[in-house]
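Asker: Questions regarding the structure given below will be posed in turn.
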Amino acid sequence: MLRFLIQRAVGMVVTMFFVSIMVFVIMELPPGDYADRYAFRKFSGTGVSVTESDIESIRKRFGLDRPAWERYLTWIGGIVTRFDFGPSFAFETSANAVIGQRAGLTVVLLLGTLLLTYLLSIPIGIYAALHRQSPADYGLTVVSYLGLAIPNFMLALILLYLGVRYFGTTVGGLFSPEYTQAPWSWGKFADLLRHLLVPAVVLAWSATALQLQTVRATMSDELAKLYVDAARARGLPEWKVILKYPARLAINPVVSTIGFDVNRIFSELPIVALVMSLPELGELLIKSFLDLDMYVAGAILLMLTAIIVFMNFVSDVVLALLDPRIRLEGG
Amino acid sequence: MTANGGALLEITDLGVSFTTDEGMVRAVDGVSLAVHPGRTLGIVGESGSGKSVATKAVIRLLPANARIDGGSRILLRRAEGEIDIARLPAGGRELRRLRGGDIGMIFQEPMASFSPVYTIGNQMIEAILAHRDHLDRRLGRRFDRRAARDHAIRMLERVGMSNARLRIDQYPHELSGGMRQRAMIALALSTHPSLLIADEPTTALDVTIQAQILDLMLELQRELGMAMLFITHDMGVIARIAEEVAVMYLGRIVERGPTREVIRDPAHPYTRGLLAALPRVETSRRRLTPVPGDIPSPLQRPAGCPFHTRCPRRMPGLCDREVPADTALDARRSVACHLFGGRAS
């Protein structure tokens, strides 16, 4: 197991290395650099003519004149040694400061969504498999097709309306007005969770519908296997037979697709965030590309991919814990 | 019938039906049999003959769409008194104490009967601890987890597993097929059942390993004094392990008697067919002679004798109309065939 862990961890580091190079290449791709943009912004319309040498000096000031490999090394060195993602030109502060809160929110929302998805889909899927072709099973199938069919921005609007109309929560945002400026307290934390619940439900909706069907299908397959009857023939109580044997294998496909779920949540998040006016990373990413504020863009890209790579690692490890056959093959 | 008071297990008029999308399937139709303490009854028949269903009914391990007839009786005699397994509430405590306690079971596929995600030891210890009370009565000692583990190791050693202390912490896929079946036998016998049901335990194994497993089972049976209900489609295996045999065809027992006599002088045309289909070295025939035709679908049970569609000696007008009754040939043998019933009645 230890060997397996080390193997996967090394794999993760290697993947992140290549990802960082790719992110840097993407950062370099747009034509021009921030020196051009800075000069344009600062002096356009002022009548001052900007010469090549002026731009060159700006470039020097930002350190953009150095060769690409050198800038890559400085950049990645800063991240690895000081967790410093470089400067944000457009906001005239560090990329860390610009991303800070939004990154935290994204991570909290991601974990909340995943948790909600699995807490709902796994028990319900198992229940449906145990009661196949019962009214409850058919009902769940209909609900899960609805889940797959309703677009999530639509669901977000409906839930917002219901929230405001019947539960008196504020529309969107992270905090109720009274907590916006307040220092951190349990009250503020609870308020944050209340505001995150609706986006988490929206994001978890379709994933739950899909994973529920996966769990139901795998569980049905596992239930038909001989080892289940063998466990019954040993005289175990039915609940123990179900939970210890087939249920443990039925969650394998869910665990192995954690990475896909993370991916999907990241791609749906900007739309939901827009509808619910949540400050998150996607919107900032587009803005920073438009501004050629490349270190901010790079930090966001790197962070999102790092989360995906890390969640894949988590998925591998959990899978190995659940199924010894994977552990022993050594992957 | 077998009015034998000494039987450990006595099945009377067992009927099992399945409700399927295509209709009602009658898998077992009026089977009666008895298993005596310390002895082995072999049940032989093709796939679809109902032999597996009949034995699974003994520990009520039937799928949800199966129903046991109201008139069926499955009597088990224990020291504490006799119970009718057919009438026990499903999923109840009493039934769970029987399963794996008084009655052990091993299955055809040793690979599939262990869960792949737990060690052999985990699954054995679980069985031992589930039947603590039963073992307390039989061995007079109470097992805690540690003692259960030691007991499991001893059982693994007993079935001929080398390095049992190491093997107990291995996963099923780390063992060979033969070793897995040995482990399964160790698991089933670790609770010292008075009856072992073996559902084709050697079919999935190599011939040499098959012989080893059969020898092991005979040895353990002698040692532990348990009775066996042994299911197979292989007459050769039956000859080796069972004192008595019952031949099943399409949910009915067509012939029964001491194994030696049935093999030496089969009465029912179907039993003859089964024996003729066995390859023999001494005659070295080029071709085997299979029983002609296929077993009919249980959805369309033939009227009259179930075997008349394939029988070389059928009597038109009789065999396709009337169900032959069980006819005693001597004190221990009987056959359900009009060829013999004609003489008796």
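Quick note on naming: the chains in the structure tokens go A, B, ... in the order shown, residues restart at 1 in each chain, and ligands are numbered from 1 in order of appearance.
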Specify as JSON, numbers by chain all residues of chain B found within 9 Å of chain A, counting only C-alpha atoms.

Answerer: {"B": [59, 61, 91, 92, 93, 95, 96, 97, 98, 99, 100, 101, 103, 104, 105, 106, 107, 109, 111, 112, 113, 114, 115, 116, 117, 118, 123, 126, 127, 128, 130, 131, 171, 173, 187, 188]}

Asker: Hey, which of B:Ile74, B:Ala54, B:Ala164, B:Ala66 ends up closest to B:Met24? Count only C-alpha atoms.

Answerer: B:Ala66

Asker: Please determine, counting only C-alpha atoms, which residue among B:Val58, B:Ile295, B:Ala64, B:Met248 has the shortest atom-to-atom distance to A:Leu130.

Answerer: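 For A:Leu130, the nearest of the given residues is B:Ala64.
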
Asker: Pick out each residue of stretch 46-179 of chain B that DSSP on the backbone tags as strand (DSSP E); I need them as a list of chain:residue names.

Answerer: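 Filtering stretch 46-179 of chain B down to strand (DSSP E) leaves B:Ala66, B:Arg67, B:Ile68, B:Arg73, B:Ile74, B:Leu75, B:Leu76, B:Arg77, B:Arg78, B:Gly81, B:Glu82, B:Ile83, B:Asp84, B:Ile103, B:Gly104, B:Met105, B:Ile106.
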
Asker: Based on the selection just made, write N, CA and C atoms of those residues as a compact mmCIF listing (two decimals), in the first residue's frame.

Answerer:
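Done, and the output landed in part-v3.txt:
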# COMPACT_ATOMS: atom_id res chain seq x y z
N ALA B 66 -39.02 -16.93 -6.32
CA ALA B 66 -39.30 -18.36 -6.12
C ALA B 66 -40.29 -18.54 -4.97
N ARG B 67 -41.10 -19.60 -5.09
CA ARG B 67 -42.05 -19.87 -4.02
C ARG B 67 -42.04 -21.36 -3.71
N ILE B 68 -41.96 -21.67 -2.43
CA ILE B 68 -42.01 -23.07 -2.01
C ILE B 68 -43.47 -23.42 -1.76
N ARG B 73 -42.47 -30.05 3.07
CA ARG B 73 -41.88 -30.10 4.42
C ARG B 73 -40.40 -30.37 4.31
N ILE B 74 -39.61 -29.59 5.04
CA ILE B 74 -38.17 -29.82 5.08
C ILE B 74 -37.80 -29.96 6.54
N LEU B 75 -37.80 -31.21 7.02
CA LEU B 75 -37.57 -31.43 8.44
C LEU B 75 -36.10 -31.62 8.74
N LEU B 76 -35.61 -30.87 9.71
CA LEU B 76 -34.24 -31.06 10.16
C LEU B 76 -34.29 -31.50 11.62
N ARG B 77 -33.62 -32.63 11.91
CA ARG B 77 -33.60 -33.10 13.30
C ARG B 77 -32.32 -32.67 13.96
N ARG B 78 -32.47 -31.95 15.06
CA ARG B 78 -31.29 -31.51 15.81
C ARG B 78 -31.43 -32.00 17.24
N GLY B 81 -34.28 -30.62 18.99
CA GLY B 81 -35.62 -30.91 18.50
C GLY B 81 -35.66 -30.70 17.00
N GLU B 82 -36.81 -31.04 16.40
CA GLU B 82 -36.84 -30.92 14.94
C GLU B 82 -37.59 -29.66 14.52
N ILE B 83 -37.15 -29.11 13.36
CA ILE B 83 -37.84 -27.93 12.85
C ILE B 83 -38.15 -28.14 11.38
N ASP B 84 -39.21 -27.49 10.93
CA ASP B 84 -39.58 -27.53 9.52
C ASP B 84 -39.05 -26.25 8.87
N ILE B 103 -26.24 -26.21 9.04
CA ILE B 103 -26.09 -26.61 7.65
C ILE B 103 -25.05 -25.73 6.97
N GLY B 104 -23.97 -26.34 6.52
CA GLY B 104 -22.95 -25.59 5.79
C GLY B 104 -23.17 -25.77 4.31
N MET B 105 -22.65 -24.83 3.52
CA MET B 105 -22.85 -24.96 2.08
C MET B 105 -21.59 -24.56 1.34
N ILE B 106 -21.21 -25.34 0.32
CA ILE B 106 -20.15 -24.90 -0.57
C ILE B 106 -20.66 -24.91 -1.99

Asker: Hey, can you check how far atom CA of A:Leu115 sits from atom CA of A:Val314?

Answerer: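 These atoms are spaced 13.8 Å apart.
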
Asker: Measuring between only C-alpha atoms, which one of B:Leu250, B:Leu275, B:Ala34, B:Val25 shows the shortest distance to B:Leu195?

Answerer: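 Of all the options, B:Ala34 lies closest to B:Leu195.
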
Asker: Can you tell me, as a count of residues only, which residues in stretch 150-272 of chain B count as alpha helix (DSSP H) by DSSP?

Answerer: 61

Asker: For stretch 208-215 of chain A, list every protein, DNA or RNA residue within 8 Å, evaluated using only C-alpha atoms, and leave out those in the same chain fewer than 2 positions away; present the list as a VMD selection string.

Answerer: chain A and resid 117 to 118 120 to 122 124 to 126 141 143 to 145 147 to 148 204 to 206 217 to 219 250 to 251 253 to 254

Asker: Can you tell me, as a VMD selection string, what residues are no more than 12 Å from A:Phe24 when counting only C-alpha atoms, ignoring any on the same chain fewer than 4 positions away?

Answerer: chain A and resid 17 to 20 28 to 30 68 to 76 294 to 302

Asker: Between A:Met276, A:Ile21, A:Arg41, A:Leu140, which one has atoms that come closest to A:Tyr161, using only C-alpha atoms?

Answerer: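 Counting only C-alpha atoms, the residue closest to A:Tyr161 is A:Met276.
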
Asker: Within 8 Å of stretch 253-269 of chain B, counting only C-alpha atoms, which residues qualify if same-chain residues fewer than 2 places away don't, as a ChimeraX atom specification?

Answerer: /B:31-32,238-239,242-249,251,271-273,275,311-313,326,332-337

Asker: Would you compute the distance between atom CA of B:Ala186 and atom CA of B:Met155? Give it in Å to one decimal.

Answerer: 5.3 Å

Asker: Just how far from atom CA of B:Ile231 is atom CA of B:Ser194, in Å to one decimal?

Answerer: 17.1 Å

Asker: What's the 12 Å shell around B:Leu166, counting only C-alpha atoms, without same-chain residues fewer than 4 positions away, as JSON, numbers by chain?

Answerer: {"B": [119, 120, 121, 149, 152, 153, 156, 157, 161, 162, 170, 171, 174, 175]}
